There are 2 protein chains.
Amino acid sequence: MAAAAGVSITTVSDALNGKGRLPDETRSRVREVAERLGYRPSAAARTLRTGRSGLIGLTVTTYGEEPFTFTEFAYFAEMARAATSAALGRGYALVVLPASSRHDVWGNIALDGTVVIDPPDQDPLVSELYRSGVPVVSDGKPGNCPVTAWVDNDHEAAVLGILDHLSEAGARRIGLLTGTSTDTYTRLSTEAYLGWCTKVGQEPVYEAYPAHDPAAGAVAADRLLARPDRPDAVYGLFDPNGTDLLAAARRYGLRVPDDLLLVCCSESDVYAATEPPITTLSLKPRKIGTTVVNLLIDAIEGVDSGTGVDIARLFPPRFRTAGNGPPPGTLMPTELIVRASSQRRSPRTTVSPPRPPGEV
Amino acid sequence: MAAAAGVSITTVSDALNGKGRLPDETRSRVREVAERLGYRPSAAARTLRTGRSGLIGLTVTTYGEEPFTFTEFAYFAEMARAATSAALGRGYALVVLPASSRHDVWGNIALDGTVVIDPPDQDPLVSELYRSGVPVVSDGKPGNCPVTAWVDNDHEAAVLGILDHLSEAGARRIGLLTGTSTDTYTRLSTEAYLGWCTKVGQEPVYEAYPAHDPAAGAVAADRLLARPDRPDAVYGLFDPNGTDLLAAARRYGLRVPDDLLLVCCSESDVYAATEPPITTLSLKPRKIGTTVVNLLIDAIEGVDSGTGVDIARLFPPRFRTAGNGPPPGTLMPTELIVRASSQRRSPRTTVSPPRPPGEV
DNA sequence: CACTCTTGGAGAAACGTATCTCCGAAGGCT
DNA sequence: AGCCTTCGGAGATACGTTTCTCCAAGAGTG
């Protein structure tokens, strides 16, 4: 377009990007012509030249044959929404890419960085990205992956907070509805529960089921309440557990909260309208999504080119451990939304602060 | 990488893409070296050269200040998930881009095509994309936009089916909970309701509220049941209407389905577990998402370069109208999942077939 | 032997941008 | 008058592919 419009090609680039030293008159003239011609600079050429695509990958773990959980749990949907919004605010767009997608799709996209949700140990995808010099920030503390940074909730503190809350409400034997998969969330939460049981001298009462199978949840809830050592309070780790447990309680003639105290982890507000309303733990996916993306973009824009070493210098000291240690991580607080199902008095809301970073 | 590995640059390209005429021995040798070096061809360069990025935009309409509804209604989440999966299956990735995002973000991304969800009349974004030669397929029949193709439910048939269903169940006065926005879904559904009322001689009984405001839905549901001409059956156009209406009915001491028949449009399975279970209309977002993406990719891969004229020839005759008329559209069937809230006998499931394309 | 045909692969152009270097001209200074 | 500095902008190169054209050598044919 350039030459035809008024003059040369360098001038167009400079005028449109505000780079060179041109009189305002020339600048505005070039812009006006570009506008009139509907000229759009080629994103591909710009990406090739600058090495920046403005694209961020969002990788979601995949369970079973379905492409991904994405919307299966409200957590992911909320998190993705917040992440998209945050990225857009800084001029980046999100590409959603299941970890399972074939290599040719991943390889065919110029990514400035990647957000990885709950990477499994030794995730080959993360390793390859890291080797390629692509910054990776994970949602969920990574097991053994070389990520640039990570963000997570303090799951241990959250579970302990809930168990204490239920104890205060009068629970004598607290059960857990958990998952069979080995992701960080499930593992840390379950470990926290078991540790608490040991500490207070309660025999653990829990049922585990494959969390990605919606039917299995109802069965597990039923099983939990059918046990001879039936708990008088239950915490369910997954979103649908609340309704499942409520239905199971109804089947066994248990009144909530009188005979059974109930808490589940969920981002859904349907639990404000159930009968009775159910206390939920929110993992604050919006905050997590926003933080993850901002951390990632900081890394992208801060480091010049793929040495991958200077990145740590970008983060404030509170985010990183000393020297050449593990990647910097930050813990986000969770929020317990107390409703009728877990108490006999009036509701209130508590926020669990993260533990100091030193203990991470 | 090329020259260093074994030999020249053309050969590498040919070997990796299976293009030229090379002996298998050379091919495998080059591939092996590439593998060892961890060589990845530059997506940016390829895009620049071939004009194909493998990227598809997914544009979601935005309500108010929140970036987009995306997850607000399960419909969008499901649809996006199916679309992502379908795109991935054909080697494309999805970039999620709110229509409201600033121009510089849109312009900075090389898109092979775009999926637009429910474009408003005269959408400037769609017009610009179309002019740029980027294929656009919309979910929702476009009002006055030059799209390549579109996919939608037969909303009129769906509403009429529900009204008939409620009539058969004994409803004498059917109310509607609808929205104040002017999107196609709301408009067509409301018009179908009003038309039906005229035909059967019933006075319309409806309340409209801003669908993006979750609190307003509960208020509107309450208002509808508080009217002097209270309906004995209600259809709610939006996902949360079911629980809202159920709560309102409870407040007024109305038994469902005895005093009030209930149906709402929702993709959520929580309505299978409510008390009583609520009949829902599913718009089949999975099917829509899949179809939209496949149509779009057909258009992308079928037309050589942006004339934008030959595209219609790609579609089977049933998808297009004659000559130079409106863009080809296809209607997907909806599914009415009949549960206890709308009948006094045993549930069954009916599928409403789309009307013949001639009447589009 | 002179020729054509096939095989295996190299050379070079082009995609459209950003950026580095350089150049002419004009003005100010000694 | 000669020199330095700034202004406005042009030229050239590189980014890493894909693809079109072309070439050399050997094999087959008369």
# chains A, B, ... in the order shown; residues from 1 in each chain; ligands from 1

$ interface_residues --of "chain B" --to "chain D" --cutoff "7 Å" --atoms "only C-alpha atoms (C1' of nucleotides)" --output "CSV table (one decimal) with N, CA and C atoms, in the first residue's frame"
chain,number,residue,atom,x,y,z
B,42,SER,N,9.1,-22.3,12.0
B,42,SER,CA,8.5,-21.1,12.5
B,42,SER,C,7.1,-20.9,12.0
B,45,ALA,N,6.6,-17.6,10.0
B,45,ALA,CA,7.1,-17.6,8.7
B,45,ALA,C,6.2,-18.4,7.8
B,46,ARG,N,5.8,-19.5,8.3
B,46,ARG,CA,4.9,-20.4,7.5
B,46,ARG,C,3.6,-19.6,7.2
B,49,ARG,N,4.2,-17.0,4.6
B,49,ARG,CA,4.3,-17.5,3.2
B,49,ARG,C,3.0,-18.1,2.7

$ interface_residues --of "chain B" --to "chain C" --cutoff "8 Å" --atoms "only C-alpha atoms (C1' of nucleotides)" --output "ChimeraX atom specification"
/B:8,10-11,21-23,48-50

$ write_last_selection --atoms "C-alpha atoms" --output "CSV table (one decimal), in the first residue's frame"
chain,number,residue,atom,x,y,z
B,8,SER,CA,20.2,-27.9,1.8
B,10,THR,CA,14.7,-26.8,0.1
B,11,THR,CA,15.3,-30.5,0.9
B,21,ARG,CA,10.4,-36.1,-4.9
B,22,LEU,CA,12.9,-37.4,-2.6
B,23,PRO,CA,14.0,-41.0,-1.8
B,48,LEU,CA,3.5,-15.3,6.1
B,49,ARG,CA,4.3,-17.5,3.2
B,50,THR,CA,1.2,-19.6,2.9

$ select_by_dssp --residues "segment 148-334 of chain A" --states "helix (DSSP H, G or I)" --output "number ranges by chain"
A: 155-168, 184-200, 214-226, 241-251, 269-272, 285-302, 310-314, 317-319

$ interface_residues --of "chain B" --to "chain A" --cutoff "6 Å" --atoms "only C-alpha atoms" --output "PyMOL selection string"
chain B and resi 43-45+47-48+67+71+77+91+94-95+105+108-110

$ write_last_selection --atoms "C-alpha atoms" --output "CSV table (one decimal), in the first residue's frame"
chain,number,residue,atom,x,y,z
B,43,ALA,CA,4.8,-20.8,12.5
B,44,ALA,CA,5.1,-17.1,11.8
B,45,ALA,CA,7.1,-17.6,8.7
B,47,THR,CA,1.8,-18.2,8.0
B,48,LEU,CA,3.5,-15.3,6.1
B,67,PRO,CA,-15.8,-9.0,29.1
B,71,THR,CA,-19.6,-19.0,30.9
B,77,ALA,CA,-19.6,-22.7,27.4
B,91,GLY,CA,-6.0,-28.9,12.7
B,94,LEU,CA,-9.5,-21.2,18.5
B,95,VAL,CA,-8.7,-17.7,19.6
B,105,VAL,CA,-5.9,-6.7,19.2
B,108,ASN,CA,-2.7,-8.0,15.4
B,109,ILE,CA,-3.8,-11.6,14.8
B,110,ALA,CA,-3.8,-13.5,11.6

$ atom_distance --atom1 "atom CA of Tyr206 of chain A" --atom2 "atom CA of Leu177 of chain A"
5.7 Å

$ select_by_dssp --residues "segment 56-214 of chain A" --states "strand (DSSP E)" --output "ChimeraX atom specification"
/A:56-59,93-96,113-117,136-139,149-153,174-179,205-209

$ write_last_selection --atoms "C-alpha atoms" --output "JSON list (two decimals), in the first residue's frame"
[["chain", "number", "residue", "atom", "x", "y", "z"],
["A", 56, "ILE", "CA", -0.95, -16.82, 24.72],
["A", 57, "GLY", "CA", -1.80, -20.48, 24.91],
["A", 58, "LEU", "CA", -4.25, -21.72, 27.50],
["A", 59, "THR", "CA", -3.76, -25.39, 28.13],
["A", 93, "ALA", "CA", -5.34, -12.89, 22.99],
["A", 94, "LEU", "CA", -5.80, -16.39, 24.32],
["A", 95, "VAL", "CA", -5.64, -19.56, 22.27],
["A", 96, "VAL", "CA", -7.25, -22.50, 23.94],
["A", 113, "GLY", "CA", 3.79, -17.81, 26.33],
["A", 114, "THR", "CA", 1.52, -20.43, 27.79],
["A", 115, "VAL", "CA", -0.76, -20.81, 30.75],
["A", 116, "VAL", "CA", -0.96, -24.37, 31.92],
["A", 117, "ILE", "CA", -3.71, -25.54, 34.18],
["A", 136, "VAL", "CA", 5.09, -21.07, 31.08],
["A", 137, "VAL", "CA", 3.02, -20.11, 34.08],
["A", 138, "SER", "CA", 0.93, -22.76, 35.72],
["A", 139, "ASP", "CA", -2.30, -22.60, 37.61],
["A", 149, "ALA", "CA", 6.16, -19.27, 37.73],
["A", 150, "TRP", "CA", 3.04, -20.69, 39.29],
["A", 151, "VAL", "CA", -0.06, -19.62, 41.15],
["A", 152, "ASP", "CA", -2.22, -21.72, 43.38],
["A", 153, "ASN", "CA", -4.55, -21.67, 46.32],
["A", 174, "ILE", "CA", -16.09, -35.44, 59.39],
["A", 175, "GLY", "CA", -16.11, -37.30, 56.11],
["A", 176, "LEU", "CA", -14.52, -36.42, 52.81],
["A", 177, "LEU", "CA", -15.70, -36.92, 49.27],
["A", 178, "THR", "CA", -12.58, -36.89, 47.14],
["A", 179, "GLY", "CA", -11.24, -37.92, 43.76],
["A", 205, "VAL", "CA", -13.99, -41.51, 56.61],
["A", 206, "TYR", "CA", -13.82, -40.87, 52.91],
["A", 207, "GLU", "CA", -14.86, -42.08, 49.51],
["A", 208, "ALA", "CA", -12.90, -41.44, 46.33],
["A", 209, "TYR", "CA", -14.29, -41.51, 42.81]]

$ residues_around --residues "segment 229-239 of chain A" --least-positions-apart "5" --cutoff "8 Å" --atoms "only C-alpha atoms (C1' of nucleotides)" --output "count of residues only"
28

$ atom_distance --atom1 "atom CA of Asp118 of chain A" --atom2 "atom CA of His155 of chain A"
13.3 Å

$ atom_distance --atom1 "atom CA of Glu191 of chain B" --atom2 "atom CA of Ser100 of chain B"
28.3 Å
